[in-house]
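Structure data (PDB, C-alpha atoms) from start.pdb:
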```
ATOM      1  CA  MET A 222       0.000   0.000   0.000
ATOM      2  CA  THR A 223       1.764   3.165  -1.217
ATOM      3  CA  GLY A 224      -1.067   5.609  -1.960
ATOM      4  CA  ILE A 225      -1.892   8.798  -0.109
ATOM      5  CA  VAL A 226      -5.365   9.950   0.918
ATOM      6  CA  GLU A 227      -6.053  13.682   0.883
ATOM      7  CA  VAL A 228      -8.702  14.932   3.296
ATOM      8  CA  GLN A 229     -10.044  18.387   2.504
ATOM      9  CA  TYR A 230     -11.926  20.522   5.011
ATOM     10  CA  GLY A 231     -12.488  24.259   4.805
ATOM     11  CA  ASP A 232      -9.441  25.749   3.098
ATOM     12  CA  LYS A 233      -7.086  23.034   4.359
ATOM     13  CA  ILE A 234      -5.862  19.769   2.947
ATOM     14  CA  ILE A 235      -3.928  17.166   4.912
ATOM     15  CA  GLN A 236      -2.406  13.951   3.655
ATOM     16  CA  LEU A 237      -2.877  10.578   5.294
ATOM     17  CA  GLU A 238      -0.243   7.942   4.631
ATOM     18  CA  PRO A 239      -0.797   4.164   4.777
ATOM     19  CA  LYS A 240       0.475   4.013   8.358
ATOM     20  CA  ASP A 241      -2.133   6.618   9.326
ATOM     21  CA  ILE A 242      -4.918   4.487   7.832
ATOM     22  CA  ILE A 243      -3.605   1.369   9.591
ATOM     23  CA  GLU A 244      -3.395   3.229  12.897
ATOM     24  CA  THR A 245      -6.956   4.491  12.381
ATOM     25  CA  PHE A 246      -8.296   0.963  11.990
ATOM     26  CA  HIS A 247      -6.253  -0.180  14.962
ATOM     27  CA  ALA A 248      -7.872   2.592  17.020
ATOM     28  CA  ILE A 249     -11.329   1.429  15.910
ATOM     29  CA  VAL A 250     -10.611  -2.174  16.884
ATOM     30  CA  TYR A 251      -9.129  -1.135  20.222
ATOM     31  CA  ASP A 252     -12.079   1.144  20.986
ATOM     32  CA  LEU A 253     -14.649  -1.512  20.114
ATOM     33  CA  MET A 254     -12.984  -4.321  22.029
ATOM     34  CA  ASN A 255     -12.064  -2.352  25.149
ATOM     35  CA  ALA A 256     -14.325   0.667  25.628
ATOM     36  CA  GLU A 257     -17.590  -0.976  24.555
ATOM     37  CA  ARG A 258     -17.713  -4.160  26.628
ATOM     38  CA  GLU A 259     -21.424  -3.856  27.480
ATOM     39  CA  LEU A 260     -22.253  -3.345  23.826
ATOM     40  CA  HIS A 261     -20.305  -6.465  22.882
ATOM     41  CA  GLU A 262     -22.050  -8.460  25.575
ATOM     42  CA  GLU A 263     -25.341  -7.519  23.930
ATOM     43  CA  ILE A 264     -24.058  -8.592  20.520
ATOM     44  CA  TYR A 265     -22.875 -11.841  22.100
ATOM     45  CA  ARG A 266     -26.405 -12.414  23.423
ATOM     46  CA  LEU A 267     -27.728 -11.654  19.941
ATOM     47  CA  CYS A 268     -25.642 -14.642  18.814
ATOM     48  CA  ASN A 269     -27.050 -16.613  21.745
ATOM     49  CA  TYR A 270     -23.575 -17.013  23.246
ATOM     50  CA  ASN A 271     -22.321 -18.688  20.070
ATOM     51  CA  THR A 272     -18.677 -17.580  19.856
ATOM     52  CA  ARG A 273     -18.284 -18.668  16.233
ATOM     53  CA  GLU A 274     -21.315 -16.637  15.144
ATOM     54  CA  TYR A 275     -20.219 -13.664  17.244
ATOM     55  CA  LEU A 276     -16.758 -13.596  15.613
ATOM     56  CA  ARG A 277     -18.314 -14.009  12.184
ATOM     57  CA  ASN A 278     -20.599 -11.024  12.820
ATOM     58  CA  ILE A 279     -17.684  -8.872  13.979
ATOM     59  CA  TYR A 280     -15.730  -9.943  10.899
ATOM     60  CA  HIS A 281     -18.618  -8.831   8.707
ATOM     61  CA  PHE A 282     -18.896  -5.566  10.627
ATOM     62  CA  PHE A 283     -15.445  -4.599   9.379
ATOM     63  CA  HIS A 284     -16.363  -5.605   5.827
ATOM     64  CA  SER A 285     -19.618  -3.676   5.663
ATOM     65  CA  PRO A 286     -19.731  -0.483   3.586
ATOM     66  CA  TYR A 287     -21.894   1.009   6.320
ATOM     67  CA  LEU A 288     -18.926   0.903   8.696
ATOM     68  CA  TYR A 289     -17.585   4.037   7.007
ATOM     69  CA  THR A 290     -20.659   6.036   7.970
ATOM     70  CA  ARG A 291     -20.623   4.883  11.580
ATOM     71  CA  PRO A 292     -19.588   7.127  14.496
ATOM     72  CA  ASN A 293     -16.702   4.936  15.671
ATOM     73  CA  PHE A 294     -14.987   5.193  12.260
ATOM     74  CA  ILE A 295     -15.632   8.951  12.027
ATOM     75  CA  ARG A 296     -14.304   9.477  15.560
ATOM     76  CA  ALA A 297     -11.095   7.575  14.793
ATOM     77  CA  LEU A 298     -10.619   9.619  11.620
ATOM     78  CA  ILE A 299     -11.202  12.892  13.491
ATOM     79  CA  ASP A 300      -8.689  11.893  16.180
ATOM     80  CA  LYS A 301      -6.100  11.127  13.496
ATOM     81  CA  ILE A 302      -6.685  14.491  11.782
ATOM     82  CA  LYS A 303      -6.383  16.295  15.113
ATOM     83  CA  SER A 304      -3.059  14.580  15.773
ATOM     84  CA  ILE A 305      -1.775  15.976  12.457
ATOM     85  CA  ASP A 306      -3.537  19.351  12.611
ATOM     86  CA  PRO A 307      -4.065  20.502  16.230
ATOM     87  CA  GLU A 308      -6.171  23.443  14.999
ATOM     88  CA  PHE A 309      -8.774  21.126  13.506
ATOM     89  CA  ALA A 310     -12.062  21.591  15.368
ATOM     90  CA  ILE A 311     -15.254  19.625  14.861
ATOM     91  CA  GLU A 312     -17.977  18.233  17.071
ATOM     92  CA  ASN A 313     -17.304  14.614  17.969
ATOM     93  CA  PRO A 314     -19.925  12.151  16.724
ATOM     94  CA  ARG A 315     -22.268  10.415  19.126
ATOM     95  CA  PRO A 316     -21.136   7.194  20.825
ATOM     96  CA  ILE A 317     -21.523   3.979  18.853
ATOM     97  CA  ARG A 318     -24.678   2.017  19.639
ATOM     98  CA  PHE A 319     -25.976  -1.508  19.268
ATOM     99  CA  TRP A 320     -27.975  -0.481  16.201
ATOM    100  CA  ASP A 321     -24.821   0.610  14.351
ATOM    101  CA  PHE A 322     -23.708  -3.014  14.411
ATOM    102  CA  ILE A 323     -27.145  -4.197  13.341
ATOM    103  CA  GLU A 324     -27.058  -1.951  10.276
ATOM    104  CA  CYS A 325     -23.658  -3.348   9.289
ATOM    105  CA  PHE A 326     -24.707  -6.950   9.926
ATOM    106  CA  MET A 327     -27.848  -6.492   7.825
ATOM    107  CA  ALA A 328     -26.085  -4.780   4.939
ATOM    108  CA  ILE A 329     -23.341  -7.353   4.565
ATOM    109  CA  HIS A 330     -25.850 -10.188   4.457
ATOM    110  CA  SER A 331     -27.549  -9.071   1.250
ATOM    111  CA  LEU A 332     -29.799  -6.692   3.184
ATOM    112  CA  CYS A 333     -31.450  -9.785   4.681
ATOM    113  CA  TYR A 334     -32.927 -10.765   1.308
ATOM    114  CA  ASP A 335     -31.180 -14.140   1.312
ATOM    115  CA  ILE A 336     -33.336 -15.910   3.864
ATOM    116  CA  GLU A 337     -31.221 -19.057   4.037
ATOM    117  CA  SER A 338     -27.712 -17.623   4.370
ATOM    118  CA  SER A 339     -28.435 -14.434   6.278
ATOM    119  CA  LEU A 340     -27.348 -14.492   9.917
ATOM    120  CA  MET A 341     -30.080 -11.937  10.680
ATOM    121  CA  PHE A 342     -33.433 -13.697  11.001
ATOM    122  CA  ASN A 343     -36.440 -12.044   9.364
ATOM    123  CA  LEU A 344     -39.023 -12.095  12.124
ATOM    124  CA  PHE A 345     -41.841 -11.227   9.703
ATOM    125  CA  TYR A 346     -41.279 -13.754   6.918
ATOM    126  CA  HIS A 347     -42.739 -17.270   7.081
ATOM    127  CA  GLU A 348     -42.909 -19.053   3.736
ATOM    128  CA  TRP A 349     -45.558 -21.537   4.842
ATOM    129  CA  GLN A 350     -48.394 -21.657   2.345
ATOM    130  CA  TYR A 351     -51.944 -21.901   3.663
ATOM    131  CA  PRO A 352     -54.688 -23.239   1.371
ATOM    132  CA  GLU A 353     -55.846 -19.663   0.742
ATOM    133  CA  GLY A 354     -52.289 -18.466   0.034
ATOM    134  CA  TYR A 355     -50.151 -15.957   1.882
ATOM    135  CA  ASN A 356     -51.962 -14.173   4.695
ATOM    136  CA  TYR A 357     -51.548 -12.558   8.107
ATOM    137  CA  LYS A 358     -50.748 -15.895   9.707
ATOM    138  CA  ASN A 359     -47.409 -15.907   7.900
ATOM    139  CA  THR A 360     -46.536 -12.365   8.911
ATOM    140  CA  LEU A 361     -47.295 -12.618  12.617
ATOM    141  CA  ILE A 362     -46.729 -16.267  13.537
ATOM    142  CA  PHE A 363     -43.095 -15.965  14.709
ATOM    143  CA  ILE A 364     -43.966 -12.920  16.798
ATOM    144  CA  ARG A 365     -46.920 -14.627  18.448
ATOM    145  CA  ILE A 366     -44.839 -17.697  19.361
ATOM    146  CA  LEU A 367     -42.130 -15.574  20.975
ATOM    147  CA  GLN A 368     -44.742 -13.495  22.797
ATOM    148  CA  LEU A 369     -46.131 -16.704  24.287
ATOM    149  CA  LEU A 370     -42.817 -17.564  25.931
ATOM    150  CA  PRO A 371     -42.188 -15.823  29.269
ATOM    151  CA  LEU A 372     -38.642 -15.078  30.416
ATOM    152  CA  ASN A 373     -36.783 -17.856  32.253
ATOM    153  CA  ILE A 374     -39.754 -20.239  32.176
ATOM    154  CA  THR A 375     -40.252 -23.346  30.058
ATOM    155  CA  ILE A 376     -43.550 -23.834  28.243
ATOM    156  CA  SER A 377     -45.022 -27.007  26.841
ATOM    157  CA  LYS A 378     -44.794 -27.245  23.057
ATOM    158  CA  ASN A 379     -48.322 -28.612  23.036
ATOM    159  CA  TYR A 380     -49.515 -25.597  25.042
ATOM    160  CA  ILE A 381     -48.088 -23.242  22.393
ATOM    161  CA  ILE A 382     -49.802 -25.219  19.638
ATOM    162  CA  GLU A 383     -53.071 -25.267  21.591
ATOM    163  CA  GLN A 384     -53.081 -21.501  22.240
ATOM    164  CA  LEU A 385     -52.229 -20.500  18.671
ATOM    165  CA  THR A 386     -54.737 -22.979  17.253
ATOM    166  CA  LYS A 387     -57.462 -21.348  19.323
ATOM    167  CA  ILE A 388     -56.845 -17.923  17.765
ATOM    168  CA  GLY A 389     -56.863 -19.247  14.200
ATOM    169  CA  TYR A 390     -53.451 -20.697  13.313
ATOM    170  CA  GLU A 391     -53.101 -24.167  11.789
ATOM    171  CA  ARG A 392     -51.199 -26.922  13.585
ATOM    172  CA  ASP A 393     -48.839 -27.762  10.705
ATOM    173  CA  ALA A 394     -47.962 -24.100  10.192
ATOM    174  CA  ILE A 395     -47.249 -23.689  13.913
ATOM    175  CA  LEU A 396     -44.970 -26.748  13.923
ATOM    176  CA  ASN A 397     -43.158 -25.424  10.859
ATOM    177  CA  ALA A 398     -42.641 -22.020  12.494
ATOM    178  CA  LEU A 399     -41.459 -23.651  15.739
ATOM    179  CA  ASN A 400     -38.963 -25.724  13.771
ATOM    180  CA  ILE A 401     -37.535 -22.597  12.086
ATOM    181  CA  LEU A 402     -37.285 -20.678  15.364
ATOM    182  CA  PHE A 403     -35.631 -23.695  16.958
ATOM    183  CA  ASP A 404     -33.171 -24.029  14.065
ATOM    184  CA  ARG A 405     -32.274 -20.317  14.301
ATOM    185  CA  ALA A 406     -31.872 -20.591  18.090
ATOM    186  CA  LEU A 407     -34.554 -18.036  18.953
ATOM    187  CA  ILE A 408     -36.150 -20.760  21.068
ATOM    188  CA  GLU A 409     -34.411 -23.621  22.864
ATOM    189  CA  SER A 410     -35.006 -26.827  24.782
ATOM    190  CA  ILE A 411     -33.043 -29.256  26.919
ATOM    191  CA  ASP A 412     -35.048 -32.163  25.492
ATOM    192  CA  GLY A 413     -33.127 -32.596  22.251
ATOM    193  CA  ALA A 414     -31.833 -31.067  19.040
ATOM    194  CA  LYS A 415     -34.925 -31.678  16.894
ATOM    195  CA  ILE A 416     -38.280 -29.966  17.379
ATOM    196  CA  GLN A 417     -40.115 -33.296  17.041
ATOM    197  CA  ASP A 418     -38.225 -34.593  20.102
ATOM    198  CA  VAL A 419     -39.000 -31.520  22.198
ATOM    199  CA  ASN A 420     -41.673 -31.310  24.871
ATOM    200  CA  GLU A 421     -40.697 -28.128  26.737
ATOM    201  CA  LEU A 422     -39.475 -24.884  25.157
ATOM    202  CA  PHE A 423     -38.063 -21.590  26.379
ATOM    203  CA  ILE A 424     -37.072 -18.353  24.683
ATOM    204  CA  SER A 425     -33.328 -17.926  24.145
ATOM    205  CA  ALA A 426     -31.171 -14.851  24.779
ATOM    206  CA  LYS A 427     -31.266 -14.273  21.040
ATOM    207  CA  GLY A 428     -35.051 -14.577  20.943
ATOM    208  CA  ILE A 429     -35.406 -12.042  23.760
ATOM    209  CA  ILE A 430     -33.391  -9.452  21.837
ATOM    210  CA  TYR A 431     -35.510 -10.034  18.725
ATOM    211  CA  ILE A 432     -38.863  -9.696  20.459
ATOM    212  CA  LYS A 433     -37.867  -6.971  22.930
ATOM    213  CA  LYS A 434     -35.608  -4.806  20.760
ATOM    214  CA  LEU A 435     -35.348  -5.708  17.073
ATOM    215  CA  LEU A 436     -39.103  -6.063  16.629
ATOM    216  CA  SER A 437     -39.488  -2.273  16.548
ATOM    217  CA  GLU A 438     -35.951  -1.125  15.762
ATOM    218  CA  TYR A 439     -35.550   1.239  12.808
ATOM    219  CA  SER A 440     -32.202  -0.217  11.642
ATOM    220  CA  TYR A 441     -33.715  -3.704  11.534
ATOM    221  CA  LEU A 442     -37.066  -2.844   9.968
ATOM    222  CA  VAL A 443     -35.613  -0.735   7.161
ATOM    223  CA  PHE A 444     -33.986  -3.891   5.757
ATOM    224  CA  VAL A 445     -36.330  -6.766   6.567
ATOM    225  CA  CYS A 446     -39.510  -5.033   5.429
ATOM    226  CA  ASP A 447     -38.396  -5.339   1.791
ATOM    227  CA  ASN A 448     -38.540  -9.123   2.002
ATOM    228  CA  VAL A 449     -42.050  -9.514   3.416
ATOM    229  CA  PRO A 450     -44.799 -10.407   0.916
ATOM    230  CA  MET A 451     -47.390  -7.628   1.022
ATOM    231  CA  PRO A 452     -49.594  -5.574  -1.328
ATOM    232  CA  LYS A 453     -47.811  -3.173  -3.684
ATOM    233  CA  ASN A 454     -49.227  -0.065  -2.014
ATOM    234  CA  TYR A 455     -47.046  -0.821   1.025
ATOM    235  CA  LYS A 456     -43.831  -1.380  -0.941
ATOM    236  CA  PHE A 457     -40.971   0.888  -2.027
ATOM    237  CA  ASP A 458     -38.338   0.432  -4.706
ATOM    238  CA  ILE A 459     -35.163  -0.909  -3.096
ATOM    239  CA  VAL A 460     -32.810   0.969  -5.421
ATOM    240  CA  GLU A 461     -34.595   4.248  -4.719
ATOM    241  CA  LYS A 462     -34.261   3.622  -0.986
ATOM    242  CA  PHE A 463     -30.635   2.496  -0.817
ATOM    243  CA  GLY A 464     -29.103   3.911  -4.005
ATOM    244  CA  LYS A 465     -26.678   2.203  -6.385
ATOM    245  CA  GLU A 466     -23.335   3.153  -4.824
ATOM    246  CA  ASP A 467     -20.891   0.350  -4.067
ATOM    247  CA  LEU A 468     -19.893   2.326  -0.967
ATOM    248  CA  PRO A 469     -23.169   3.870   0.260
ATOM    249  CA  LEU A 470     -21.702   6.817   2.145
ATOM    250  CA  GLU A 471     -24.873   8.817   1.562
ATOM    251  CA  ARG A 472     -26.854   5.863   2.956
ATOM    252  CA  GLY A 473     -29.619   6.175   0.376
ATOM    253  CA  ASN A 474     -32.769   8.281   0.473
ATOM    254  CA  LEU A 475     -33.581   8.820   4.153
ATOM    255  CA  ARG A 476     -37.066  10.200   3.435
ATOM    256  CA  LEU A 477     -38.003   7.082   1.453
ATOM    257  CA  LYS A 478     -36.536   4.831   4.151
ATOM    258  CA  ASP A 479     -38.689   6.551   6.761
ATOM    259  CA  GLU A 480     -41.784   6.314   4.594
ATOM    260  CA  SER A 481     -41.173   2.635   3.750
ATOM    261  CA  ILE A 482     -40.960   1.708   7.437
ATOM    262  CA  LEU A 483     -44.114   3.647   8.295
ATOM    263  CA  ARG A 484     -46.007   1.943   5.475
ATOM    264  CA  PHE A 485     -44.698  -1.426   6.608
ATOM    265  CA  ILE A 486     -46.046  -0.695  10.081
ATOM    266  CA  ASP A 487     -49.371   0.212   8.434
ATOM    267  CA  PHE A 488     -49.255  -3.252   6.839
ATOM    268  CA  ILE A 489     -48.562  -4.942  10.191
ATOM    269  CA  GLU A 490     -51.445  -2.962  11.695
ATOM    270  CA  SER A 491     -53.769  -4.159   8.936
ATOM    271  CA  GLU A 492     -52.620  -7.755   9.507
ATOM    272  CA  GLU A 493     -53.333  -7.474  13.225
ATOM    273  CA  LYS A 494     -56.825  -6.211  12.463
ATOM    274  CA  THR A 495     -57.353  -9.211  10.184
ATOM    275  CA  GLU A 496     -55.984 -11.531  12.869
ATOM    276  CA  ASN A 497     -58.404 -10.070  15.421
ATOM    277  CA  ARG A 498     -61.326 -10.237  13.009
ATOM    278  CA  LYS A 499     -60.666 -13.899  12.159
ATOM    279  CA  CYS A 500     -60.034 -14.939  15.750
ATOM    280  CA  PRO A 501     -63.082 -16.831  17.126
ATOM    281  CA  ILE A 502     -64.954 -14.567  19.547
ATOM    282  CA  ASP A 503     -64.641 -17.112  22.365
ATOM    283  CA  TYR A 504     -60.828 -16.883  22.167
ATOM    284  CA  LYS A 505     -60.243 -13.157  21.721
ATOM    285  CA  SER A 506     -59.163 -13.068  25.370
ATOM    286  CA  VAL A 507     -56.424 -15.591  24.477
ATOM    287  CA  LEU A 508     -55.147 -13.284  21.730
ATOM    288  CA  GLU A 509     -55.186 -10.334  24.131
ATOM    289  CA  ARG A 510     -53.233 -12.336  26.694
ATOM    290  CA  ILE A 511     -50.596 -13.372  24.142
ATOM    291  CA  THR A 512     -50.061  -9.786  22.994
ATOM    292  CA  ASP A 513     -50.392  -8.420  26.541
ATOM    293  CA  ARG A 514     -53.217  -6.251  25.177
ATOM    294  CA  GLU A 515     -50.752  -4.095  23.238
ATOM    295  CA  LYS A 516     -50.820  -4.050  19.463
ATOM    296  CA  THR A 517     -47.466  -4.921  17.927
ATOM    297  CA  ALA A 518     -47.871  -2.197  15.303
ATOM    298  CA  THR A 519     -48.522   0.420  18.003
ATOM    299  CA  LYS A 520     -45.266  -0.407  19.780
ATOM    300  CA  MET A 521     -43.365  -0.449  16.491
ATOM    301  CA  ARG A 522     -44.729   2.953  15.480
ATOM    302  CA  GLU A 523     -43.903   4.581  18.812
ATOM    303  CA  ASP A 524     -40.295   3.382  18.749
ATOM    304  CA  VAL A 525     -39.720   4.155  15.078
ATOM    305  CA  LEU A 526     -41.140   7.683  15.338
ATOM    306  CA  GLY A 527     -38.891   8.278  18.344
ATOM    307  CA  THR A 528     -35.874   7.215  16.281
ATOM    308  CA  MET A 529     -36.927   9.449  13.404
ATOM    309  CA  ARG A 530     -37.245  12.446  15.706
ATOM    310  CA  ARG A 531     -33.743  11.832  17.070
ATOM    311  CA  MET A 532     -32.352  11.581  13.539
ATOM    312  CA  MET A 533     -34.021  14.855  12.576
ATOM    313  CA  MET A 534     -32.538  16.581  15.615
ATOM    314  CA  ALA A 535     -29.096  15.167  14.837
ATOM    315  CA  SER A 536     -29.220  16.306  11.219
ATOM    316  CA  GLY A 537     -30.152  19.813  12.369
ATOM    317  CA  ARG A 538     -26.991  20.304  14.409
ATOM    318  CA  LYS A 539     -24.454  22.700  12.936
ATOM    319  CA  THR A 540     -21.152  20.897  12.634
ATOM    320  CA  LYS A 541     -18.108  21.568  10.528
ATOM    321  CA  LYS A 542     -18.173  19.082   7.667
ATOM    322  CA  ILE A 543     -15.374  17.284   5.903
ATOM    323  CA  GLU A 544     -16.113  18.412   2.368
ATOM    324  CA  ALA A 545     -14.219  15.910   0.261
ATOM    325  CA  ILE A 546     -12.015  12.884   0.446
ATOM    326  CA  LYS A 547      -9.739  12.289  -2.541
ATOM    327  CA  PHE A 548      -7.677   9.208  -3.254
ATOM    328  CA  LYS A 549      -4.353   9.480  -5.102
TER     329      LYS A 549
END
```
Mind converting the file's structure to structure tokens?
Amino acid sequence: MTGIVEVQYGDKIIQLEPKDIIETFHAIVYDLMNAERELHEEIYRLCNYNTREYLRNIYHFFHSPYLYTRPNFIRALIDKIKSIDPEFAIENPRPIRFWDFIECFMAIHSLCYDIESSLMFNLFYHEWQYPEGYNYKNTLIFIRILQLLPLNITISKNYIIEQLTKIGYERDAILNALNILFDRALIESIDGAKIQDVNELFISAKGIIYIKKLLSEYSYLVFVCDNVPMPKNYKFDIVEKFGKEDLPLERGNLRLKDESILRFIDFIESEEKTENRKCPIDYKSVLERITDREKTATKMREDVLGTMRRMMMASGRKTKKIEAIKFK
């Protein structure tokens, strides 16, 4: 590596040599592995304490184009510029968060469009075909199963099947969904390694993160919603949302991303209404108990709108901007 990178800001230009770039990446690695231990513990739980999967995710984090838009990379670059030009002044970016990793993990895995090979499970996509075709049962079945499982308590597999059957789901579809959740380690059992051998189930650390955090997280929804079968009026063009750049530094069209998530939540809301309408009246109390009387779409909307407001506030801050980066 013999090239030089010129960073231009204001009326100044500084040159970064290969050793500067190497030191910058070293600073990122050091910061992530030492200063963010709690964050890494959460990522480890996302992998359900699977060290191999955790290391593979971290490997992909450093190979994701989204890394270069993340605050930890920008902070390391700013620190390097300051060490060369002490007069350089700019507001430091916010601390790195769990969702920064999620965005990188999602992007590197084909934006979660490859259902089989993606490490990030699409909580809204169940390919089971009912006699009448794709319907709300596919969209919500994984969520309902996870909502049925309380923390730190095992539940009978037959009880899960019984409860979901009462509110309108079919036994074979439930077993298929349980098998997928079991295979992806969102649910676990001490009875065996195959769902057919299992009698008692419990939600895993990974499953808890999905149902408690990812279910309504902006950085997760913006990717997975594109791979959920739904009417065209809820969909957005992927290229328009994310752009065509090999290195998406602009991160696509933010307005369209926001709108696509809100329409997806509209779709989930419509599916919940259908689920409630088709639920036998004698078992509506069962559905309310599973959902804890709170609509999934309502929770999703509240969290997503909160994220959008924070992004709008962040974009309104006046900060000195690096105007151009040129490679020689």
Once the PyMOL selection byres ((chain A and resi 274) around 12) has been applied to the shown file, what residues remain in the selection, as a list in words? Ile264, Tyr265, Arg266, Leu267, Cys268, Asn269, Tyr270, Asn271, Thr272, Arg273, Tyr275, Leu276, Arg277, Asn278, Ile279, Tyr280, His281, Phe326, Ser339, Leu340, Met341, Arg405, Ala406 and Lys427 of chain A
Using all atoms listed in the file for the distances, tell me which of A:Asn448, A:Gly473, A:Ser437, A:Lys456 is nearest to Val525 of chain A.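 Ranking A:Asn448, A:Gly473, A:Ser437, A:Lys456 by distance to Val525 of chain A, first place goes to A:Ser437.
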Ranking A:Ile482, A:Ile305, A:Tyr351, A:Cys325 by minimum distance to Thr290 of chain A and counting all atoms listed in the file, which one comes first? A:Cys325
Pull out every residue that the PyMOL selection byres ((chain A and resi 430-432) around 10) matches in the shown coordinates and put them as a ChimeraX atom specification. /A:263-264,266-269,341-344,363-365,367-368,407,424-429,433-438,441
What separation in Å, quoted to one decimal, exists between atom CA of Glu480 of chain A and atom CA of Asp524 of chain A?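 Atom CA of Asp524 of chain A lies 14.5 Å from atom CA of Glu480 of chain A.
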Evaluate the PyMOL selection byres ((chain A and resi 354-357) around 12) against this structure - the residues, as a ChimeraX atom specification, please. /A:345-353,358-365,389-390,394,449-452,488-500
Around (-47.3, -17.6, 23.0), as given in the file, which residues come within 8 Å? Count all atoms listed in the file and list them as a PDB file with C-alpha atoms, keeping the file's coordinate frame.
```
ATOM      1  CA  ARG A 365     -46.920 -14.627  18.448  1.00  0.00           C
ATOM      2  CA  ILE A 366     -44.839 -17.697  19.361  1.00  0.00           C
ATOM      3  CA  LEU A 367     -42.130 -15.574  20.975  1.00  0.00           C
ATOM      4  CA  GLN A 368     -44.742 -13.495  22.797  1.00  0.00           C
ATOM      5  CA  LEU A 369     -46.131 -16.704  24.287  1.00  0.00           C
ATOM      6  CA  LEU A 370     -42.817 -17.564  25.931  1.00  0.00           C
ATOM      7  CA  ILE A 381     -48.088 -23.242  22.393  1.00  0.00           C
ATOM      8  CA  GLN A 384     -53.081 -21.501  22.240  1.00  0.00           C
ATOM      9  CA  LEU A 385     -52.229 -20.500  18.671  1.00  0.00           C
ATOM     10  CA  ILE A 511     -50.596 -13.372  24.142  1.00  0.00           C
TER      11      ILE A 511
END
```
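Proximity to Ile317 of chain A was assessed for A:Gly464, A:Pro292, A:Pro501, A:Gly413 counting only C-alpha atoms; the smallest distance is recorded for A:Pro292.
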Report, in Å with one decimal, the straight-line distance from atom CA of Lys378 of chain A to atom CA of Asn420 of chain A. 5.4 Å
